[in-house]
Structure formats: structure tokens, C-alpha cells
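Listing of query_25.tsv, TSV, C-alpha atoms
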chain	number	residue	atom	x	y	z
S	1	MET	CA	-9.84	-11.63	-7.97
S	2	PHE	CA	-8.59	-8.20	-9.09
S	3	LYS	CA	-12.00	-6.93	-10.13
S	4	LYS	CA	-13.36	-3.57	-9.09
S	5	GLY	CA	-15.29	-3.98	-5.87
S	6	THR	CA	-12.80	-6.26	-4.14
S	7	LYS	CA	-10.49	-5.27	-1.30
S	8	LEU	CA	-7.48	-6.60	-3.20
S	9	TYR	CA	-8.26	-4.32	-6.16
S	10	CYS	CA	-8.43	-1.30	-3.88
S	11	ILE	CA	-5.26	-2.20	-1.97
S	12	LEU	CA	-3.16	-2.78	-5.08
S	13	SER	CA	-4.51	0.17	-7.07
S	14	GLY	CA	-4.68	2.74	-4.25
S	15	THR	CA	-8.17	3.88	-5.18
S	16	CYS	CA	-10.91	5.22	-2.93
S	17	PRO	CA	-12.08	2.41	-0.61
S	18	LYS	CA	-15.76	3.39	-0.98
S	19	CYS	CA	-16.20	3.84	-4.75
S	20	HIS	CA	-12.94	2.52	-6.30
S	21	GLU	CA	-13.05	5.35	-8.85
S	22	GLU	CA	-10.30	7.82	-7.94
S	23	SER	CA	-6.74	7.43	-6.67
S	24	MET	CA	-6.29	8.43	-3.03
S	25	TYR	CA	-2.83	9.82	-3.81
S	26	LYS	CA	-2.06	13.09	-5.57
S	27	ASN	CA	0.72	11.44	-7.57
S	28	LYS	CA	0.36	7.80	-8.61
S	29	ASN	CA	4.13	7.23	-8.73
S	30	PRO	CA	5.35	6.25	-5.23
S	31	TYR	CA	8.99	6.82	-6.18
S	32	ILE	CA	8.62	10.59	-6.24
S	33	LEU	CA	9.59	10.67	-2.57
S	34	SER	CA	8.52	14.25	-1.85
S	35	GLU	CA	4.95	13.29	-2.80
S	36	ALA	CA	4.95	9.61	-1.81
S	37	LEU	CA	2.37	10.05	0.97
S	38	SER	CA	0.55	13.15	-0.31
S	39	MET	CA	-3.12	12.25	-0.34
S	40	HIS	CA	-6.28	14.03	-1.38
S	41	GLU	CA	-8.45	15.10	1.56
S	42	THR	CA	-11.61	13.59	0.05
S	43	CYS	CA	-12.64	11.60	-2.99
S	44	ASN	CA	-13.93	13.79	-5.85
S	45	ASN	CA	-16.45	11.11	-6.82
S	46	CYS	CA	-18.11	10.15	-3.52
S	47	ASN	CA	-16.73	12.75	-1.04
S	48	THR	CA	-15.31	10.08	1.27
S	49	LYS	CA	-12.94	11.64	3.78
S	50	TYR	CA	-9.71	9.61	3.87
S	51	LYS	CA	-8.42	10.74	7.25
S	52	ILE	CA	-11.17	9.46	9.51
S	53	GLU	CA	-9.54	11.14	12.52
S	54	PRO	CA	-6.30	13.04	13.21
S	55	SER	CA	-3.26	10.77	13.05
S	56	PHE	CA	-5.40	8.02	11.48
S	57	PHE	CA	-2.57	6.59	9.40
S	58	TYR	CA	-0.25	6.04	12.38
S	59	GLY	CA	-1.79	2.57	12.56
S	60	ALA	CA	-0.36	1.87	9.11
S	61	MET	CA	3.07	1.70	10.74
S	62	TYR	CA	2.08	-1.61	12.33
S	63	VAL	CA	0.89	-2.90	8.97
S	64	SER	CA	4.13	-1.76	7.29
S	65	TYR	CA	6.11	-3.96	9.68
S	66	GLY	CA	4.24	-7.04	8.45
S	67	VAL	CA	4.46	-6.00	4.80
S	68	GLY	CA	8.19	-5.35	5.21
S	69	ILE	CA	8.67	-8.80	6.73
S	70	ALA	CA	6.84	-10.32	3.74
S	71	PHE	CA	9.17	-8.51	1.32
S	72	ALA	CA	12.22	-9.57	3.37
S	73	VAL	CA	11.12	-13.22	3.41
S	74	ALA	CA	10.56	-13.09	-0.35
S	75	ALA	CA	14.06	-11.65	-0.84
S	76	PHE	CA	15.51	-14.39	1.38
S	77	VAL	CA	13.71	-17.20	-0.44
S	78	ILE	CA	14.70	-15.90	-3.86
S	79	SER	CA	18.35	-15.30	-2.97
S	80	TYR	CA	18.78	-18.55	-1.02
S	81	PHE	CA	16.81	-21.05	-3.07
S	82	VAL	CA	17.03	-19.56	-6.58
S	83	PHE	CA	20.54	-18.05	-6.54
S	84	ASN	CA	22.04	-20.25	-3.77
S	85	ALA	CA	23.71	-17.16	-2.29
S	86	SER	CA	25.90	-17.02	0.80
S	87	ILE	CA	24.66	-15.48	4.05
S	88	ASN	CA	26.38	-12.14	3.32
S	89	TYR	CA	24.71	-11.79	-0.07
S	90	ILE	CA	21.38	-12.83	1.40
S	91	PHE	CA	21.67	-10.07	4.01
S	92	ILE	CA	22.59	-7.51	1.34
S	93	SER	CA	19.68	-8.61	-0.86
S	94	ILE	CA	17.20	-8.26	2.02
S	95	VAL	CA	18.44	-4.78	2.93
S	96	ALA	CA	18.49	-3.69	-0.72
S	97	THR	CA	14.97	-5.03	-1.26
S	98	LEU	CA	13.63	-3.12	1.74
S	99	ILE	CA	15.32	0.11	0.64
S	100	VAL	CA	14.19	-0.15	-2.98
S	101	PHE	CA	10.60	-1.06	-2.12
S	102	MET	CA	10.20	1.34	0.84
S	103	PRO	CA	7.78	3.73	-0.98
S	104	VAL	CA	5.70	0.80	-2.21
S	105	ILE	CA	5.59	-0.72	1.29
S	106	MET	CA	4.46	2.61	2.77
S	107	ARG	CA	1.62	2.97	0.27
S	108	LEU	CA	0.53	-0.65	0.53
S	109	SER	CA	0.41	-0.28	4.31
S	110	ARG	CA	-1.81	2.80	4.08
S	111	ASN	CA	-4.06	1.07	1.56
S	112	ILE	CA	-4.42	-2.00	3.78
S	113	TRP	CA	-5.05	0.13	6.88
S	114	ILE	CA	-7.82	2.25	5.35
S	115	ASN	CA	-9.45	-0.86	3.86
S	116	LEU	CA	-9.77	-2.34	7.34
S	117	PHE	CA	-12.18	0.46	8.22
S	118	MET	CA	-14.03	1.18	4.96
S	119	ASN	CA	-15.95	-1.05	2.55
S	120	TYR	CA	-16.89	-0.78	-1.11
S	121	ASP	CA	-20.33	0.69	-1.80
S	122	LYS	CA	-21.59	-0.18	-5.28
S	123	SER	CA	-24.10	2.68	-5.26
S	124	LEU	CA	-21.30	5.26	-5.04
S	125	ALA	CA	-19.44	4.01	-8.13
S	126	LYS	CA	-19.84	5.84	-11.43
S	127	LYS	CA	-22.28	4.25	-13.82
Before anything else, please render the file you have as C-alpha cells.
Amino acid sequence: MFKKGTKLYCILSGTCPKCHEESMYKNKNPYILSEALSMHETCNNCNTKYKIEPSFFYGAMYVSYGVGIAFAVAAFVISYFVFNASINYIFISIVATLIVFMPVIMRLSRNIWINLFMNYDKSLAKK
């Protein structure tokens, strides 16, 4: 399920969508906010260009809405069913979850968006 060569592996690891060898991001830590979205231009292993066209990753904003909703629903379910919290605490937990996980949501959205347009090529992976 999380093996190299699967879309899920690429989305969760942030590696090149063609060869799954190198990270697309210059810094692997998304919580360094000044470098959260800094990406390499191309993959050093297979020379895949990450920005297919100018403003390519604007489409990731639509994906981030769905990913943010998923995180918010998870925060709601955990705070309501596990902790039996009141509506005020549920609201605070949802907002806090979205703020804390914002860099992760942004990267996941970019990873999902680029994987919609590129597929793994086994011949490009390192032997």
C-alpha cells in the first residue's frame, strides 16, 4: 500500500511523481514556513520538470479545500465522540487543527495535484 511505485507513496512522501527517488521540496520539513513551498525546478534523477506550466500549482488550492475539510471533519469526530466536548471546544479544536496542520495541508495538496497529471515510470527509478 505504501510501497514505492504507488500514488499514495508519492503523495505522502513528497517525492518525484515519475521516479519516486528524490524529494520535490528543497526542505523536507514543512514547518519551516519560509521554505514550506520551495520546490526544486526539476528532479536530479530523471529531469522531470515539476511546474508543467506557469501557475501550475494554482489548481492545488482546490485540492487543499477538500484536504482541509477532511482534517476539520477528523477534528470534529475526535473532539465530539472521543472527548465529548461542547460546541465551543469543538469549534476551537477545528480551528486549531487547521492552523497547526496548514503547512502539511499545503504540501499534501501540491502532491495530490501533481500526481493527477504524472505517473510513476519504473524505468526512470534508480537500480
Nearest residue to S:Tyr65 out of S:Asn115, S:Leu108, S:Cys46, S:Ile90, using all atoms listed in the file? S:Leu108
As an exercise, work out the distance from atom CA of S:Gly68 to atom CA of S:Asn111 in Å and give it to one decimal place. 14.3 Å
So that I can check the surroundings of S:Asp121, please list as a list of chain:residue names every protein, DNA and RNA residue that reaches within 6 Å of it, counting only C-alpha atoms and ignoring chain neighbours fewer than 2 positions away. S:Lys18, S:Cys19, S:Ser123, S:Leu124
Using only C-alpha atoms, which residue out of S:Ala74, S:Val95, S:Ala125, S:Ile112 lies closest to S:Tyr9?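 Comparing S:Ala74, S:Val95, S:Ala125, S:Ile112 against S:Tyr9, the winner is S:Ile112.
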Closest to S:Leu12 among S:Val67, S:Arg107, S:Lys122, S:Val73, using all atoms listed in the file?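 Nearest candidate to S:Leu12 out of S:Val67, S:Arg107, S:Lys122, S:Val73: S:Arg107.
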Stretch 21-37 of chain S environment, 10 Å, all atoms listed in the file, sequence neighbours closer than 4 positions dropped, as a list in words: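 Near stretch 21-37 of chain S, the qualifying residues are Lys4, Cys10, Ser13, Gly14, Thr15, Cys16, Pro17, Glu41, Thr42, Cys43, Asn44, Asn45, Cys46, Tyr50, Val100, Phe101, Met102, Pro103, Val104, Ile105, Met106, Arg107, Arg110, Asn111, Leu124, Ala125 and Lys126 of chain S.
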Atom CA of S:Ser93 to atom CA of S:Ser79, straight-line distance in Å: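 Here the two named atoms are 7.1 Å from each other.
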Would you kindly return, as JSON, numbers by chain, each protein, DNA or RNA residue with an atom no farther than 10 Å from any atom of S:Phe76, considering only C-alpha atoms and excluding same-chain residues fewer than 5 positions away? {"S": [70, 71, 81, 82, 85, 87, 89, 90, 91, 92, 93, 94, 97]}
Straight-line distance linking atom CA of S:Phe56 with atom CA of S:Ser109, stated in Å to one decimal: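 If I compute the distance from atom CA of S:Phe56 to atom CA of S:Ser109, I get 12.4 Å.
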Listed atoms of stretch 76-86 of chain S, axis-aligned box, 4 Å per side: centre and edge lengths to one decimal in Å, as JSON?
{"center_x": 19.8, "center_y": -17.7, "center_z": -2.6, "size_x": 20.2, "size_y": 14.7, "size_z": 16.0}
Residues within 10 Å of S:Trp113, please, as JSON, numbers by chain. Count only C-alpha atoms; anything in the same chain fewer than 5 positions from it doesn't count. {"S": [11, 56, 57, 58, 59, 60, 61, 62, 63, 64, 107, 108, 118]}
Could you write those residues out with C-alpha atoms, as a PDB file, in the coordinates of the input?
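result.pdb written:
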ATOM      1  CA  ILE S  11      -5.260  -2.200  -1.970  1.00  0.00           C
ATOM      2  CA  PHE S  56      -5.400   8.020  11.480  1.00  0.00           C
ATOM      3  CA  PHE S  57      -2.570   6.590   9.400  1.00  0.00           C
ATOM      4  CA  TYR S  58      -0.250   6.040  12.380  1.00  0.00           C
ATOM      5  CA  GLY S  59      -1.790   2.570  12.560  1.00  0.00           C
ATOM      6  CA  ALA S  60      -0.360   1.870   9.110  1.00  0.00           C
ATOM      7  CA  MET S  61       3.070   1.700  10.740  1.00  0.00           C
ATOM      8  CA  TYR S  62       2.080  -1.610  12.330  1.00  0.00           C
ATOM      9  CA  VAL S  63       0.890  -2.900   8.970  1.00  0.00           C
ATOM     10  CA  SER S  64       4.130  -1.760   7.290  1.00  0.00           C
ATOM     11  CA  ARG S 107       1.620   2.970   0.270  1.00  0.00           C
ATOM     12  CA  LEU S 108       0.530  -0.650   0.530  1.00  0.00           C
ATOM     13  CA  MET S 118     -14.030   1.180   4.960  1.00  0.00           C
TER      14      MET S 118
END
Export of stretch 10-26 of chain S: all heavy atoms, as a PDB file, in the first residue's frame:
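Dumped to part-v8.pdb:
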ATOM      1  N   CYS S  10       3.957   8.332  -3.147  1.00  0.00           N
ATOM      2  CA  CYS S  10       4.436   9.610  -3.672  1.00  0.00           C
ATOM      3  C   CYS S  10       3.746  10.780  -2.981  1.00  0.00           C
ATOM      4  O   CYS S  10       4.380  11.778  -2.648  1.00  0.00           O
ATOM      5  CB  CYS S  10       4.224   9.664  -5.176  1.00  0.00           C
ATOM      6  SG  CYS S  10       4.867  11.148  -5.937  1.00  0.00           S
ATOM      7  N   ILE S  11       2.458  10.678  -2.754  1.00  0.00           N
ATOM      8  CA  ILE S  11       1.707  11.769  -2.120  1.00  0.00           C
ATOM      9  C   ILE S  11       2.171  11.972  -0.677  1.00  0.00           C
ATOM     10  O   ILE S  11       2.388  13.096  -0.238  1.00  0.00           O
ATOM     11  CB  ILE S  11       0.196  11.492  -2.186  1.00  0.00           C
ATOM     12  CG1 ILE S  11      -0.299  11.632  -3.628  1.00  0.00           C
ATOM     13  CG2 ILE S  11      -0.577  12.407  -1.256  1.00  0.00           C
ATOM     14  CD1 ILE S  11      -1.702  11.141  -3.866  1.00  0.00           C
ATOM     15  N   LEU S  12       2.344  10.907   0.062  1.00  0.00           N
ATOM     16  CA  LEU S  12       2.718  11.035   1.464  1.00  0.00           C
ATOM     17  C   LEU S  12       4.190  11.356   1.673  1.00  0.00           C
ATOM     18  O   LEU S  12       4.556  11.989   2.656  1.00  0.00           O
ATOM     19  CB  LEU S  12       2.344   9.761   2.224  1.00  0.00           C
ATOM     20  CG  LEU S  12       0.846   9.466   2.306  1.00  0.00           C
ATOM     21  CD1 LEU S  12       0.597   8.160   3.021  1.00  0.00           C
ATOM     22  CD2 LEU S  12       0.110  10.606   2.982  1.00  0.00           C
ATOM     23  N   SER S  13       5.051  10.944   0.747  1.00  0.00           N
ATOM     24  CA  SER S  13       6.484  11.206   0.908  1.00  0.00           C
ATOM     25  C   SER S  13       6.940  12.484   0.214  1.00  0.00           C
ATOM     26  O   SER S  13       7.996  13.016   0.534  1.00  0.00           O
ATOM     27  CB  SER S  13       7.302  10.019   0.386  1.00  0.00           C
ATOM     28  OG  SER S  13       7.128   9.884  -1.018  1.00  0.00           O
ATOM     29  N   GLY S  14       6.183  12.979  -0.759  1.00  0.00           N
ATOM     30  CA  GLY S  14       6.568  14.194  -1.465  1.00  0.00           C
ATOM     31  C   GLY S  14       7.708  13.992  -2.438  1.00  0.00           C
ATOM     32  O   GLY S  14       8.457  14.925  -2.732  1.00  0.00           O
ATOM     33  N   THR S  15       7.846  12.790  -2.956  1.00  0.00           N
ATOM     34  CA  THR S  15       8.926  12.504  -3.894  1.00  0.00           C
ATOM     35  C   THR S  15       8.494  12.781  -5.325  1.00  0.00           C
ATOM     36  O   THR S  15       7.328  13.040  -5.596  1.00  0.00           O
ATOM     37  CB  THR S  15       9.377  11.032  -3.771  1.00  0.00           C
ATOM     38  OG1 THR S  15       8.239  10.188  -3.953  1.00  0.00           O
ATOM     39  CG2 THR S  15       9.994  10.752  -2.415  1.00  0.00           C
ATOM     40  N   CYS S  16       9.444  12.703  -6.231  1.00  0.00           N
ATOM     41  CA  CYS S  16       9.187  12.935  -7.652  1.00  0.00           C
ATOM     42  C   CYS S  16       8.103  11.974  -8.139  1.00  0.00           C
ATOM     43  O   CYS S  16       8.185  10.767  -7.894  1.00  0.00           O
ATOM     44  CB  CYS S  16      10.474  12.722  -8.444  1.00  0.00           C
ATOM     45  SG  CYS S  16      10.254  12.759 -10.236  1.00  0.00           S
ATOM     46  N   PRO S  17       7.087  12.460  -8.834  1.00  0.00           N
ATOM     47  CA  PRO S  17       5.999  11.583  -9.272  1.00  0.00           C
ATOM     48  C   PRO S  17       6.396  10.608 -10.377  1.00  0.00           C
ATOM     49  O   PRO S  17       5.720   9.618 -10.584  1.00  0.00           O
ATOM     50  CB  PRO S  17       4.923  12.548  -9.759  1.00  0.00           C
ATOM     51  CG  PRO S  17       5.619  13.820 -10.018  1.00  0.00           C
ATOM     52  CD  PRO S  17       6.811  13.860  -9.131  1.00  0.00           C
ATOM     53  N   LYS S  18       7.500  10.845 -11.054  1.00  0.00           N
ATOM     54  CA  LYS S  18       7.929   9.953 -12.138  1.00  0.00           C
ATOM     55  C   LYS S  18       8.827   8.825 -11.648  1.00  0.00           C
ATOM     56  O   LYS S  18       8.663   7.680 -12.040  1.00  0.00           O
ATOM     57  CB  LYS S  18       8.679  10.744 -13.215  1.00  0.00           C
ATOM     58  CG  LYS S  18       7.806  11.666 -14.016  1.00  0.00           C
ATOM     59  CD  LYS S  18       7.193  10.921 -15.155  1.00  0.00           C
ATOM     60  CE  LYS S  18       6.487  11.908 -16.073  1.00  0.00           C
ATOM     61  NZ  LYS S  18       5.903  11.282 -17.198  1.00  0.00           N
ATOM     62  N   CYS S  19       9.822   9.154 -10.786  1.00  0.00           N
ATOM     63  CA  CYS S  19      10.790   8.124 -10.382  1.00  0.00           C
ATOM     64  C   CYS S  19      10.724   7.755  -8.903  1.00  0.00           C
ATOM     65  O   CYS S  19      11.291   6.746  -8.500  1.00  0.00           O
ATOM     66  CB  CYS S  19      12.210   8.573 -10.735  1.00  0.00           C
ATOM     67  SG  CYS S  19      12.806   9.996  -9.789  1.00  0.00           S
ATOM     68  N   HIS S  20      10.085   8.563  -8.080  1.00  0.00           N
ATOM     69  CA  HIS S  20       9.952   8.341  -6.632  1.00  0.00           C
ATOM     70  C   HIS S  20      11.305   8.244  -5.932  1.00  0.00           C
ATOM     71  O   HIS S  20      11.435   7.571  -4.918  1.00  0.00           O
ATOM     72  CB  HIS S  20       9.137   7.077  -6.339  1.00  0.00           C
ATOM     73  CG  HIS S  20       7.717   7.187  -6.741  1.00  0.00           C
ATOM     74  ND1 HIS S  20       6.797   6.250  -6.393  1.00  0.00           N
ATOM     75  CD2 HIS S  20       7.025   8.106  -7.465  1.00  0.00           C
ATOM     76  CE1 HIS S  20       5.609   6.567  -6.889  1.00  0.00           C
ATOM     77  NE2 HIS S  20       5.740   7.707  -7.550  1.00  0.00           N
ATOM     78  N   GLU S  21      12.311   8.935  -6.453  1.00  0.00           N
ATOM     79  CA  GLU S  21      13.647   8.861  -5.872  1.00  0.00           C
ATOM     80  C   GLU S  21      14.012  10.085  -5.034  1.00  0.00           C
ATOM     81  O   GLU S  21      14.636   9.949  -4.007  1.00  0.00           O
ATOM     82  CB  GLU S  21      14.702   8.689  -6.986  1.00  0.00           C
ATOM     83  CG  GLU S  21      14.632   7.357  -7.693  1.00  0.00           C
ATOM     84  CD  GLU S  21      14.967   6.182  -6.799  1.00  0.00           C
ATOM     85  OE1 GLU S  21      15.765   6.343  -5.853  1.00  0.00           O
ATOM     86  OE2 GLU S  21      14.435   5.090  -7.034  1.00  0.00           O
ATOM     87  N   GLU S  22      13.659  11.273  -5.492  1.00  0.00           N
ATOM     88  CA  GLU S  22      14.101  12.496  -4.841  1.00  0.00           C
ATOM     89  C   GLU S  22      12.912  13.310  -4.343  1.00  0.00           C
ATOM     90  O   GLU S  22      11.863  13.329  -4.972  1.00  0.00           O
ATOM     91  CB  GLU S  22      14.906  13.325  -5.840  1.00  0.00           C
ATOM     92  CG  GLU S  22      15.404  14.634  -5.286  1.00  0.00           C
ATOM     93  CD  GLU S  22      16.121  15.454  -6.329  1.00  0.00           C
ATOM     94  OE1 GLU S  22      15.448  16.216  -7.034  1.00  0.00           O
ATOM     95  OE2 GLU S  22      17.339  15.316  -6.418  1.00  0.00           O
ATOM     96  N   SER S  23      13.101  14.020  -3.246  1.00  0.00           N
ATOM     97  CA  SER S  23      12.051  14.898  -2.730  1.00  0.00           C
ATOM     98  C   SER S  23      11.859  16.077  -3.675  1.00  0.00           C
ATOM     99  O   SER S  23      12.815  16.624  -4.208  1.00  0.00           O
ATOM    100  CB  SER S  23      12.429  15.402  -1.341  1.00  0.00           C
ATOM    101  OG  SER S  23      11.466  16.318  -0.879  1.00  0.00           O
ATOM    102  N   MET S  24      10.609  16.463  -3.889  1.00  0.00           N
ATOM    103  CA  MET S  24      10.321  17.623  -4.734  1.00  0.00           C
ATOM    104  C   MET S  24      10.662  18.926  -4.023  1.00  0.00           C
ATOM    105  O   MET S  24      10.884  19.942  -4.659  1.00  0.00           O
ATOM    106  CB  MET S  24       8.834  17.649  -5.117  1.00  0.00           C
ATOM    107  CG  MET S  24       8.397  16.557  -6.021  1.00  0.00           C
ATOM    108  SD  MET S  24       6.718  16.800  -6.635  1.00  0.00           S
ATOM    109  CE  MET S  24       5.758  16.717  -5.144  1.00  0.00           C
ATOM    110  N   TYR S  25      10.716  18.899  -2.706  1.00  0.00           N
ATOM    111  CA  TYR S  25      10.891  20.107  -1.913  1.00  0.00           C
ATOM    112  C   TYR S  25      12.340  20.280  -1.488  1.00  0.00           C
ATOM    113  O   TYR S  25      13.038  19.310  -1.199  1.00  0.00           O
ATOM    114  CB  TYR S  25       9.979  20.060  -0.689  1.00  0.00           C
ATOM    115  CG  TYR S  25       8.536  19.925  -1.074  1.00  0.00           C
ATOM    116  CD1 TYR S  25       7.910  18.679  -1.083  1.00  0.00           C
ATOM    117  CD2 TYR S  25       7.803  21.025  -1.482  1.00  0.00           C
ATOM    118  CE1 TYR S  25       6.597  18.547  -1.472  1.00  0.00           C
ATOM    119  CE2 TYR S  25       6.478  20.900  -1.876  1.00  0.00           C
ATOM    120  CZ  TYR S  25       5.888  19.666  -1.866  1.00  0.00           C
ATOM    121  OH  TYR S  25       4.585  19.537  -2.259  1.00  0.00           O
ATOM    122  N   LYS S  26      12.781  21.528  -1.417  1.00  0.00           N
ATOM    123  CA  LYS S  26      14.155  21.817  -1.032  1.00  0.00           C
ATOM    124  C   LYS S  26      14.402  21.478   0.426  1.00  0.00           C
ATOM    125  O   LYS S  26      15.487  21.063   0.803  1.00  0.00           O
ATOM    126  CB  LYS S  26      14.478  23.291  -1.298  1.00  0.00           C
ATOM    127  CG  LYS S  26      14.516  23.619  -2.779  1.00  0.00           C
ATOM    128  CD  LYS S  26      14.824  25.076  -3.020  1.00  0.00           C
ATOM    129  CE  LYS S  26      14.842  25.335  -4.523  1.00  0.00           C
ATOM    130  NZ  LYS S  26      15.061  26.759  -4.823  1.00  0.00           N
TER     131      LYS S  26
END
